[in-house]
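Enquirer: Provided below: start_24.txt, containing compact mmCIF, C-alpha atoms and all ligand atoms.
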```txt
# COMPACT_ATOMS: atom_id res chain seq x y z
CA MET A 884 -76.59 121.02 -128.50
CA ASN A 885 -78.09 124.28 -127.31
CA ALA A 886 -76.22 126.89 -129.36
CA ALA A 887 -76.25 129.35 -126.47
CA MET A 888 -74.31 126.81 -124.40
CA MET A 889 -71.71 126.04 -127.06
CA PRO A 890 -68.33 125.52 -125.36
CA LEU A 891 -66.24 128.67 -125.56
CA GLU A 892 -63.29 126.90 -127.10
CA ARG A 893 -65.49 125.95 -130.06
CA CYS A 894 -66.47 129.58 -130.66
CA GLN A 895 -63.68 130.40 -133.07
CA ALA A 896 -64.18 133.22 -135.51
CA LEU A 897 -63.43 133.06 -139.19
CA VAL A 898 -61.08 135.95 -139.97
CA LEU A 899 -61.59 137.82 -143.22
CA ASN A 900 -59.32 140.43 -144.67
CA ALA A 901 -60.74 143.91 -145.28
CA ASP A 902 -61.83 142.70 -148.73
CA TYR A 903 -63.91 139.91 -147.12
CA GLN A 904 -61.65 137.19 -148.44
CA PRO A 905 -60.46 134.73 -145.80
CA LEU A 906 -56.96 135.61 -144.60
CA SER A 907 -56.03 132.02 -145.29
CA TYR A 908 -57.82 128.95 -146.61
CA PHE A 909 -55.44 126.30 -145.43
CA PRO A 910 -55.07 126.28 -142.61
CA LEU A 911 -58.30 128.22 -142.39
CA SER A 912 -57.80 131.57 -140.65
CA LEU A 913 -59.56 131.10 -137.31
CA TRP A 914 -59.03 132.99 -134.08
CA ASN A 915 -60.00 131.83 -130.62
CA TRP A 916 -62.63 133.84 -128.80
CA GLN A 917 -60.17 135.61 -126.49
CA THR A 918 -58.17 136.98 -129.43
CA VAL A 919 -61.40 138.02 -131.14
CA VAL A 920 -62.76 139.85 -128.10
CA LYS A 921 -59.47 141.67 -127.69
CA ALA A 922 -59.45 142.71 -131.36
CA VAL A 923 -63.05 143.96 -131.04
CA PHE A 924 -62.11 146.11 -128.05
CA LEU A 925 -59.05 147.45 -129.85
CA ASP A 926 -61.39 148.38 -132.72
CA ARG A 927 -59.31 146.43 -135.23
CA VAL A 928 -62.13 144.31 -136.65
CA ASN A 929 -65.73 144.51 -137.80
CA ILE A 930 -68.16 141.90 -136.56
CA VAL A 931 -69.73 140.26 -139.59
CA SER A 932 -71.66 137.44 -137.93
CA GLU A 933 -72.24 136.20 -134.38
CA TYR A 934 -72.84 133.05 -132.41
CA ASP A 935 -75.76 132.75 -130.02
CA ARG A 936 -73.18 132.25 -127.30
CA VAL A 937 -72.98 135.24 -124.97
CA ILE A 938 -70.14 136.14 -122.66
CA SER A 939 -70.71 138.57 -119.87
CA SER A 940 -69.03 140.26 -116.97
CA PRO A 941 -70.62 142.66 -114.46
CA SER A 942 -69.87 145.55 -116.81
CA PHE A 943 -70.56 144.20 -120.28
CA GLU A 944 -72.18 141.51 -122.33
CA MET A 945 -71.57 140.47 -125.90
CA ARG A 946 -72.41 137.73 -128.34
CA LEU A 947 -69.26 136.06 -129.56
CA PRO A 948 -68.43 136.88 -133.18
CA SER A 949 -68.36 133.94 -135.58
CA VAL A 950 -67.05 135.95 -138.54
CA ILE A 951 -64.95 139.11 -138.34
CA SER A 952 -63.24 141.26 -140.94
CA LEU A 953 -60.08 143.28 -140.44
CA LYS A 954 -60.51 147.04 -140.65
CA LYS A 955 -57.09 147.42 -142.20
CA TYR A 956 -56.32 145.44 -145.34
CA ILE A 957 -53.35 143.12 -144.96
CA LYS A 958 -51.49 142.86 -148.21
CA PRO A 959 -50.59 139.22 -148.79
CA SER A 960 -46.86 138.76 -148.95
CA ARG A 961 -45.68 138.15 -152.48
CA ASN A 962 -43.42 135.25 -151.73
CA PRO A 963 -44.69 132.51 -149.48
CA ALA A 964 -42.37 131.22 -146.76
CA PHE A 965 -40.38 128.16 -147.68
CA THR A 966 -41.83 125.81 -145.09
CA ARG A 967 -42.60 122.12 -144.98
CA PHE A 968 -46.32 122.86 -144.97
CA ASN A 969 -46.20 125.29 -147.90
CA LEU A 970 -44.07 122.90 -149.92
CA PHE A 971 -46.52 120.06 -149.42
CA LEU A 972 -49.36 122.44 -150.20
CA ARG A 973 -47.67 123.47 -153.45
CA ASP A 974 -47.44 119.79 -154.37
CA GLN A 975 -51.02 119.25 -153.14
CA PHE A 976 -49.89 116.64 -150.62
CA THR A 977 -49.11 114.33 -153.52
CA CYS A 978 -45.94 112.39 -154.28
CA GLN A 979 -44.43 114.08 -157.32
CA TYR A 980 -43.11 110.79 -158.65
CA CYS A 981 -46.02 108.37 -158.40
CA GLY A 982 -48.99 110.61 -157.57
CA ALA A 983 -49.84 108.89 -154.27
CA GLU A 984 -51.75 111.20 -151.95
CA GLN A 985 -51.32 111.80 -148.25
CA ASP A 986 -55.11 111.57 -147.94
CA ASP A 987 -54.81 107.92 -148.84
CA GLY A 988 -52.55 107.31 -145.85
CA VAL A 989 -49.30 107.80 -147.73
CA GLU A 990 -46.37 109.12 -145.72
CA LEU A 991 -44.89 112.12 -147.49
CA THR A 992 -41.25 113.11 -147.26
CA PHE A 993 -39.02 115.72 -148.86
CA ASP A 994 -36.90 114.77 -151.79
CA HIS A 995 -34.01 116.77 -153.18
CA VAL A 996 -34.41 116.34 -156.94
CA THR A 997 -30.70 116.92 -157.43
CA PRO A 998 -29.25 115.17 -154.39
CA ARG A 999 -27.42 117.26 -151.85
CA ALA A 1000 -24.31 115.16 -152.45
CA TYR A 1001 -24.38 116.52 -156.05
CA GLY A 1002 -24.67 120.09 -154.81
CA GLY A 1003 -28.49 120.18 -154.93
CA ARG A 1004 -29.82 122.97 -152.76
CA THR A 1005 -32.78 123.14 -150.41
CA THR A 1006 -34.92 125.49 -152.49
CA TRP A 1007 -38.39 125.59 -154.01
CA GLN A 1008 -36.79 124.59 -157.31
CA ASN A 1009 -35.04 121.52 -155.97
CA VAL A 1010 -37.25 120.07 -153.24
CA ILE A 1011 -40.47 118.19 -153.82
CA ALA A 1012 -42.95 116.06 -151.91
CA ALA A 1013 -42.27 112.35 -152.39
CA CYS A 1014 -43.78 109.31 -150.74
CA ALA A 1015 -41.45 107.29 -148.58
CA PRO A 1016 -41.21 104.34 -151.05
CA CYS A 1017 -40.36 106.66 -153.99
CA ASN A 1018 -37.82 108.53 -151.89
CA LEU A 1019 -36.24 105.24 -150.90
CA ALA A 1020 -36.25 103.92 -154.48
CA LYS A 1021 -34.62 107.08 -155.79
CA GLY A 1022 -31.95 107.09 -153.10
CA GLY A 1023 -29.07 109.46 -153.61
CA ARG A 1024 -29.53 109.63 -157.36
CA THR A 1025 -30.91 112.11 -159.84
CA PRO A 1026 -34.32 111.26 -161.33
CA ARG A 1027 -32.59 110.39 -164.60
CA GLU A 1028 -30.18 108.01 -162.89
CA ALA A 1029 -33.09 106.44 -161.00
CA HIS A 1030 -35.27 106.29 -164.16
CA MET A 1031 -37.99 108.24 -162.42
CA SER A 1032 -39.85 111.20 -163.82
CA LEU A 1033 -41.45 114.15 -162.13
CA LEU A 1034 -45.16 114.95 -162.37
CA SER A 1035 -44.44 118.67 -162.22
CA HIS A 1036 -41.56 121.04 -162.58
CA PRO A 1037 -40.80 122.44 -159.11
CA GLU A 1038 -41.01 126.21 -158.88
CA GLN A 1039 -41.55 128.83 -156.27
CA PRO A 1040 -45.32 129.22 -155.93
CA SER A 1041 -47.10 132.52 -155.45
CA VAL A 1042 -49.24 133.11 -152.38
CA GLN A 1043 -52.27 133.05 -154.68
CA GLN A 1044 -51.33 129.62 -155.99
CA LEU A 1045 -51.03 128.27 -152.46
CA GLN A 1046 -54.41 129.80 -151.52
CA GLN A 1047 -55.87 128.19 -154.62
CA ASN A 1048 -54.43 124.82 -153.68
CA GLY A 1049 -55.70 125.24 -150.12
CA ARG A 1050 -59.25 125.35 -151.42
CA ARG A 1051 -58.97 121.69 -152.20
CA PHE A 1052 -58.84 120.85 -148.52
CA PRO A 1053 -61.95 121.99 -146.64
CA PRO A 1054 -61.65 121.35 -142.90
CA ASN A 1055 -63.90 118.83 -141.22
CA TYR A 1056 -65.77 121.42 -139.25
CA LEU A 1057 -67.32 124.55 -140.76
CA HIS A 1058 -69.76 126.74 -138.89
CA GLU A 1059 -72.74 127.64 -141.08
CA SER A 1060 -72.02 131.38 -140.75
CA TRP A 1061 -68.60 130.85 -142.38
CA ARG A 1062 -69.91 129.29 -145.54
CA ASP A 1063 -70.94 132.54 -147.19
CA TYR A 1064 -67.32 133.64 -147.24
CA LEU A 1065 -65.63 130.44 -148.33
CA TYR A 1066 -65.45 128.85 -151.72
CA TRP A 1067 -64.17 125.31 -151.83
CA ASP A 1068 -63.17 123.66 -155.04
CA SER A 1069 -65.22 120.62 -154.14
CA GLU A 1070 -68.37 122.74 -154.33
CA LEU A 1071 -67.65 123.54 -157.95
CA GLU A 1072 -67.95 119.92 -158.97
CA PRO A 1073 -71.36 118.95 -160.37
ZN ZN B 1101 -44.40 108.00 -154.71
```
Spell out the structure here as structure tokens.

Expert:
Amino acid sequence: MNAAMMPLERCQALVLNADYQPLSYFPLSLWNWQTVVKAVFLDRVNIVSEYDRVISSPSFEMRLPSVISLKKYIKPSRNPAFTRFNLFLRDQFTCQYCGAEQDDGVELTFDHVTPRAYGGRTTWQNVIAACAPCNLAKGGRTPREAHMSLLSHPEQPSVQQLQQNGRRFPPNYLHESWRDYLYWDSELEP
């Protein structure tokens, strides 16, 4: 494909913090071109790298940025939000009973380690990723009652831990200009 004719919707920019670290690895921090152009005009970002794709109006013309960095450093929040996605990311999309991975087509569910009927709460410390068969096998019992053991002790992760885990999951599409700013765990393997 002629790079200058790249469809606009594909011209997303990788967003780096002011320290040139990606704002997020997983999902990768990407902005659509409209958001990027707006941020450029509001002087909130530096353009680090550009596509060949040009947008123009009668009064201006610009190459669309492919990598931008924020002018103002955003301090990562200390405690990540307790969301379905973050919980699965903490557990690396792996059943915490049998080790089956979502990548292998396994359906992941939530499991309350101490069942709700026993007063178990919906917290980082009591909820884990479990495959559907393990969840079903455990039923409304504690792991001890069900004779099942946990692969890890559930705790509240730090934002850094989640970022670290996110590096295990590179997206399918990476523009070449993004690669200088991203470090995937898979690249560290010999
Ligand atoms: Zn399982």

Enquirer: Using all atoms listed in the file, find each protein or nucleic acid residue lying at most 9 Å from ligand ZN 1101 (chain B); present the set as a JSON list (two decimals) with C-alpha atoms, in the frame of the given file.

Expert:
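What follows is the written file selection35.json:
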```
[["chain", "number", "residue", "atom", "x", "y", "z"],
["A", 977, "THR", "CA", -49.11, 114.33, -153.52],
["A", 978, "CYS", "CA", -45.94, 112.39, -154.28],
["A", 979, "GLN", "CA", -44.43, 114.08, -157.32],
["A", 980, "TYR", "CA", -43.11, 110.79, -158.65],
["A", 981, "CYS", "CA", -46.02, 108.37, -158.40],
["A", 982, "GLY", "CA", -48.99, 110.61, -157.57],
["A", 983, "ALA", "CA", -49.84, 108.89, -154.27],
["A", 984, "GLU", "CA", -51.75, 111.20, -151.95],
["A", 989, "VAL", "CA", -49.30, 107.80, -147.73],
["A", 991, "LEU", "CA", -44.89, 112.12, -147.49],
["A", 1012, "ALA", "CA", -42.95, 116.06, -151.91],
["A", 1013, "ALA", "CA", -42.27, 112.35, -152.39],
["A", 1014, "CYS", "CA", -43.78, 109.31, -150.74],
["A", 1015, "ALA", "CA", -41.45, 107.29, -148.58],
["A", 1016, "PRO", "CA", -41.21, 104.34, -151.05],
["A", 1017, "CYS", "CA", -40.36, 106.66, -153.99],
["A", 1018, "ASN", "CA", -37.82, 108.53, -151.89]]
```

Enquirer: Could you check which of A:Leu1065, A:Val931, A:Ala1000, A:Leu891 is closest to Lys954 in chain A, using only C-alpha atoms?

Expert: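 Closest residue, counting only C-alpha atoms: A:Val931.
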
Enquirer: So that I can check the surroundings of Asn962 in chain A, please list as number ranges by chain every protein, DNA and RNA residue that reaches within 10 Å of it, counting only C-alpha atoms and ignoring chain neighbours fewer than 4 positions away.

Expert: A: 1039-1043

Enquirer: So how many Å separate CA of Leu1057 in chain A and CA of Trp916 in chain A, to one decimal?

Expert: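 About the pair CA of Leu1057 in chain A and CA of Trp916 in chain A: they are 15.9 Å apart.
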
Enquirer: Determine, counting only C-alpha atoms, which protein, DNA and RNA residues have an atom within 12 Å of an atom of range 956-958 of chain A; residues of the same chain fewer than 3 positions away are not included. Present the result as a VMD selection string.

Expert: chain A and resid 898 to 907 927 to 928 952 to 953 961 to 962 1042 to 1043

Enquirer: Okay, now the selection with C-alpha atoms, as a PDB file, in the coordinates of the input?

Expert:
```pdb
ATOM      1  CA  VAL A 898     -61.080 135.950-139.970  1.00  0.00           C
ATOM      2  CA  LEU A 899     -61.590 137.820-143.220  1.00  0.00           C
ATOM      3  CA  ASN A 900     -59.320 140.430-144.670  1.00  0.00           C
ATOM      4  CA  ALA A 901     -60.740 143.910-145.280  1.00  0.00           C
ATOM      5  CA  ASP A 902     -61.830 142.700-148.730  1.00  0.00           C
ATOM      6  CA  TYR A 903     -63.910 139.910-147.120  1.00  0.00           C
ATOM      7  CA  GLN A 904     -61.650 137.190-148.440  1.00  0.00           C
ATOM      8  CA  PRO A 905     -60.460 134.730-145.800  1.00  0.00           C
ATOM      9  CA  LEU A 906     -56.960 135.610-144.600  1.00  0.00           C
ATOM     10  CA  SER A 907     -56.030 132.020-145.290  1.00  0.00           C
ATOM     11  CA  ARG A 927     -59.310 146.430-135.230  1.00  0.00           C
ATOM     12  CA  VAL A 928     -62.130 144.310-136.650  1.00  0.00           C
ATOM     13  CA  SER A 952     -63.240 141.260-140.940  1.00  0.00           C
ATOM     14  CA  LEU A 953     -60.080 143.280-140.440  1.00  0.00           C
ATOM     15  CA  ARG A 961     -45.680 138.150-152.480  1.00  0.00           C
ATOM     16  CA  ASN A 962     -43.420 135.250-151.730  1.00  0.00           C
ATOM     17  CA  VAL A1042     -49.240 133.110-152.380  1.00  0.00           C
ATOM     18  CA  GLN A1043     -52.270 133.050-154.680  1.00  0.00           C
TER      19      GLN A1043
END
```

Enquirer: Can you work out the spacing between CA of Asp986 in chain A and CA of Phe971 in chain A in Å, to one decimal?

Expert: 12.2 Å

Enquirer: Which polymer residues have any atom within 8 Å of an atom of Gln1008 in chain A, counting all atoms listed in the file, with same-chain residues fewer than 5 positions away left out, as a list of chain:residue names?

Expert: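 So the residues in contact are A:His1036, A:Pro1037, A:Glu1038, A:Gln1039.
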
Enquirer: Can you work out which one of A:Leu1045, A:Ile930, A:Ala887, A:Val919 has the shortest atom-to-atom distance to Asn969 in chain A, counting all atoms listed in the file?

Expert: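 Smallest separation from Asn969 in chain A among the options: A:Leu1045.
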
Enquirer: Which residue is closest to Trp1061 in chain A? Choose from A:Ile938, A:Leu970, A:Val950, A:Leu1034 and count only C-alpha atoms.

Expert: A:Val950

Enquirer: Return the single residue from A:Gln985, A:Gln1044, A:Ser932, A:Ser940 that is closest to Asp1063 in chain A, with distances computed using only C-alpha atoms.

Expert: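 Closest to Asp1063 in chain A, using only C-alpha atoms: A:Ser932.
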
Enquirer: Can you tell me, as a list in words, what residues are no more than 12 Å from Arg999 in chain A when counting all atoms listed in the file, ignoring any on the same chain fewer than 2 positions away?

Expert: Asp994, His995, Val996, Thr997, Tyr1001, Gly1002, Gly1003, Arg1004, Thr1005, Thr1006, Asn1009, Val1010, Gly1022, Gly1023, Arg1024 and Thr1025 of chain A

Enquirer: Report the distance between CA of Thr966 in chain A and CA of Pro998 in chain A in Å, rounded to one decimal place.

Expert: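 Distance reported for this atom pair: 18.9 Å.
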
Enquirer: Compare A:Leu913, A:Met889, A:Met1031, A:Leu1019 by their minimum atom-to-atom distance to Asp935 in chain A, counting all atoms listed in the file, and give me the closest one.

Expert: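 Closest to Asp935 in chain A of all the choices is A:Met889.
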
Enquirer: Let me make sure I understand: among A:Pro1026, A:Gly988, A:Pro963, A:Gly1049, which one has the smallest atom-to-atom distance to Trp1007 in chain A if we use only C-alpha atoms?

Expert: A:Pro963

Enquirer: Around all the atoms of range 936-939 of chain A listed in the file, with 8 Å of room on each side, what axis-aligned box do you get, giving centre and edge lengths in Å to one decimal, as lines of an AutoDock Vina configuration file?

Expert:
```
center_x = -71.7
center_y = 135.4
center_z = -123.6
size_x = 19.0
size_y = 22.3
size_z = 23.4
```

Enquirer: Could you add whatever atoms are missing so that range 1006-1039 of chain A carries N, CA and C atoms, then write the result as a CSV table (one decimal), in the frame of the given file?

Expert:
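Saved the output as result38.csv:
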```
chain,number,residue,atom,x,y,z
A,1006,THR,N,-34.2,124.3,-152.0
A,1006,THR,CA,-34.9,125.5,-152.5
A,1006,THR,C,-36.2,125.0,-153.1
A,1007,TRP,N,-37.1,125.9,-153.4
A,1007,TRP,CA,-38.4,125.6,-154.0
A,1007,TRP,C,-38.1,124.8,-155.3
A,1008,GLN,N,-37.1,125.2,-156.0
A,1008,GLN,CA,-36.8,124.6,-157.3
A,1008,GLN,C,-36.2,123.2,-157.2
A,1009,ASN,N,-35.7,122.8,-156.0
A,1009,ASN,CA,-35.0,121.5,-156.0
A,1009,ASN,C,-35.6,120.5,-154.9
A,1010,VAL,N,-36.7,121.0,-154.2
A,1010,VAL,CA,-37.2,120.1,-153.2
A,1010,VAL,C,-38.7,119.8,-153.6
A,1011,ILE,N,-39.1,118.6,-153.5
A,1011,ILE,CA,-40.5,118.2,-153.8
A,1011,ILE,C,-41.0,117.2,-152.8
A,1012,ALA,N,-42.3,117.1,-152.8
A,1012,ALA,CA,-43.0,116.1,-151.9
A,1012,ALA,C,-42.8,114.7,-152.6
A,1013,ALA,N,-42.4,113.7,-151.9
A,1013,ALA,CA,-42.3,112.4,-152.4
A,1013,ALA,C,-42.7,111.4,-151.3
A,1014,CYS,N,-43.4,110.3,-151.7
A,1014,CYS,CA,-43.8,109.3,-150.7
A,1014,CYS,C,-42.5,108.6,-150.3
A,1015,ALA,N,-42.6,108.0,-149.1
A,1015,ALA,CA,-41.4,107.3,-148.6
A,1015,ALA,C,-40.9,106.2,-149.5
A,1016,PRO,N,-41.8,105.4,-150.1
A,1016,PRO,CA,-41.2,104.3,-151.0
A,1016,PRO,C,-40.5,104.9,-152.2
A,1017,CYS,N,-41.0,106.0,-152.8
A,1017,CYS,CA,-40.4,106.7,-154.0
A,1017,CYS,C,-39.0,107.3,-153.6
A,1018,ASN,N,-39.0,107.9,-152.4
A,1018,ASN,CA,-37.8,108.5,-151.9
A,1018,ASN,C,-36.7,107.5,-151.7
A,1019,LEU,N,-37.2,106.3,-151.2
A,1019,LEU,CA,-36.2,105.2,-150.9
A,1019,LEU,C,-35.7,104.7,-152.2
A,1020,ALA,N,-36.6,104.5,-153.2
A,1020,ALA,CA,-36.2,103.9,-154.5
A,1020,ALA,C,-35.3,104.8,-155.2
A,1021,LYS,N,-35.5,106.1,-155.1
A,1021,LYS,CA,-34.6,107.1,-155.8
A,1021,LYS,C,-33.2,107.1,-155.1
A,1022,GLY,N,-33.2,107.1,-153.8
A,1022,GLY,CA,-32.0,107.1,-153.1
A,1022,GLY,C,-31.2,108.4,-153.4
A,1023,GLY,N,-29.9,108.3,-153.4
A,1023,GLY,CA,-29.1,109.5,-153.6
A,1023,GLY,C,-28.8,109.7,-155.1
A,1024,ARG,N,-29.8,109.5,-155.9
A,1024,ARG,CA,-29.5,109.6,-157.4
A,1024,ARG,C,-30.4,110.8,-157.9
A,1025,THR,N,-30.0,111.2,-159.1
A,1025,THR,CA,-30.9,112.1,-159.8
A,1025,THR,C,-32.1,111.3,-160.4
A,1026,PRO,N,-33.2,112.0,-160.7
A,1026,PRO,CA,-34.3,111.3,-161.3
A,1026,PRO,C,-33.9,110.5,-162.6
A,1027,ARG,N,-33.0,111.1,-163.4
A,1027,ARG,CA,-32.6,110.4,-164.6
A,1027,ARG,C,-31.9,109.1,-164.3
A,1028,GLU,N,-30.9,109.2,-163.3
A,1028,GLU,CA,-30.2,108.0,-162.9
A,1028,GLU,C,-31.1,106.9,-162.3
A,1029,ALA,N,-32.2,107.4,-161.6
A,1029,ALA,CA,-33.1,106.4,-161.0
A,1029,ALA,C,-34.2,106.0,-162.0
A,1030,HIS,N,-34.2,106.6,-163.2
A,1030,HIS,CA,-35.3,106.3,-164.2
A,1030,HIS,C,-36.6,106.6,-163.6
A,1031,MET,N,-36.7,107.8,-163.0
A,1031,MET,CA,-38.0,108.2,-162.4
A,1031,MET,C,-38.3,109.6,-163.0
A,1032,SER,N,-39.6,109.9,-163.3
A,1032,SER,CA,-39.8,111.2,-163.8
A,1032,SER,C,-40.8,112.0,-162.9
A,1033,LEU,N,-40.7,113.3,-163.0
A,1033,LEU,CA,-41.4,114.2,-162.1
A,1033,LEU,C,-42.8,114.5,-162.7
A,1034,LEU,N,-43.8,114.6,-161.9
A,1034,LEU,CA,-45.2,115.0,-162.4
A,1034,LEU,C,-45.3,116.4,-162.6
A,1035,SER,N,-44.4,117.2,-162.0
A,1035,SER,CA,-44.4,118.7,-162.2
A,1035,SER,C,-43.0,119.2,-162.1
A,1036,HIS,N,-42.9,120.4,-162.7
A,1036,HIS,CA,-41.6,121.0,-162.6
A,1036,HIS,C,-41.6,121.9,-161.3
A,1037,PRO,N,-40.7,121.7,-160.4
A,1037,PRO,CA,-40.8,122.4,-159.1
A,1037,PRO,C,-40.4,123.9,-159.3
A,1038,GLU,N,-41.3,124.8,-158.8
A,1038,GLU,CA,-41.0,126.2,-158.9
A,1038,GLU,C,-41.5,126.9,-157.6
A,1039,GLN,N,-41.0,128.1,-157.4
A,1039,GLN,CA,-41.6,128.8,-156.3
A,1039,GLN,C,-43.0,129.2,-156.6
```
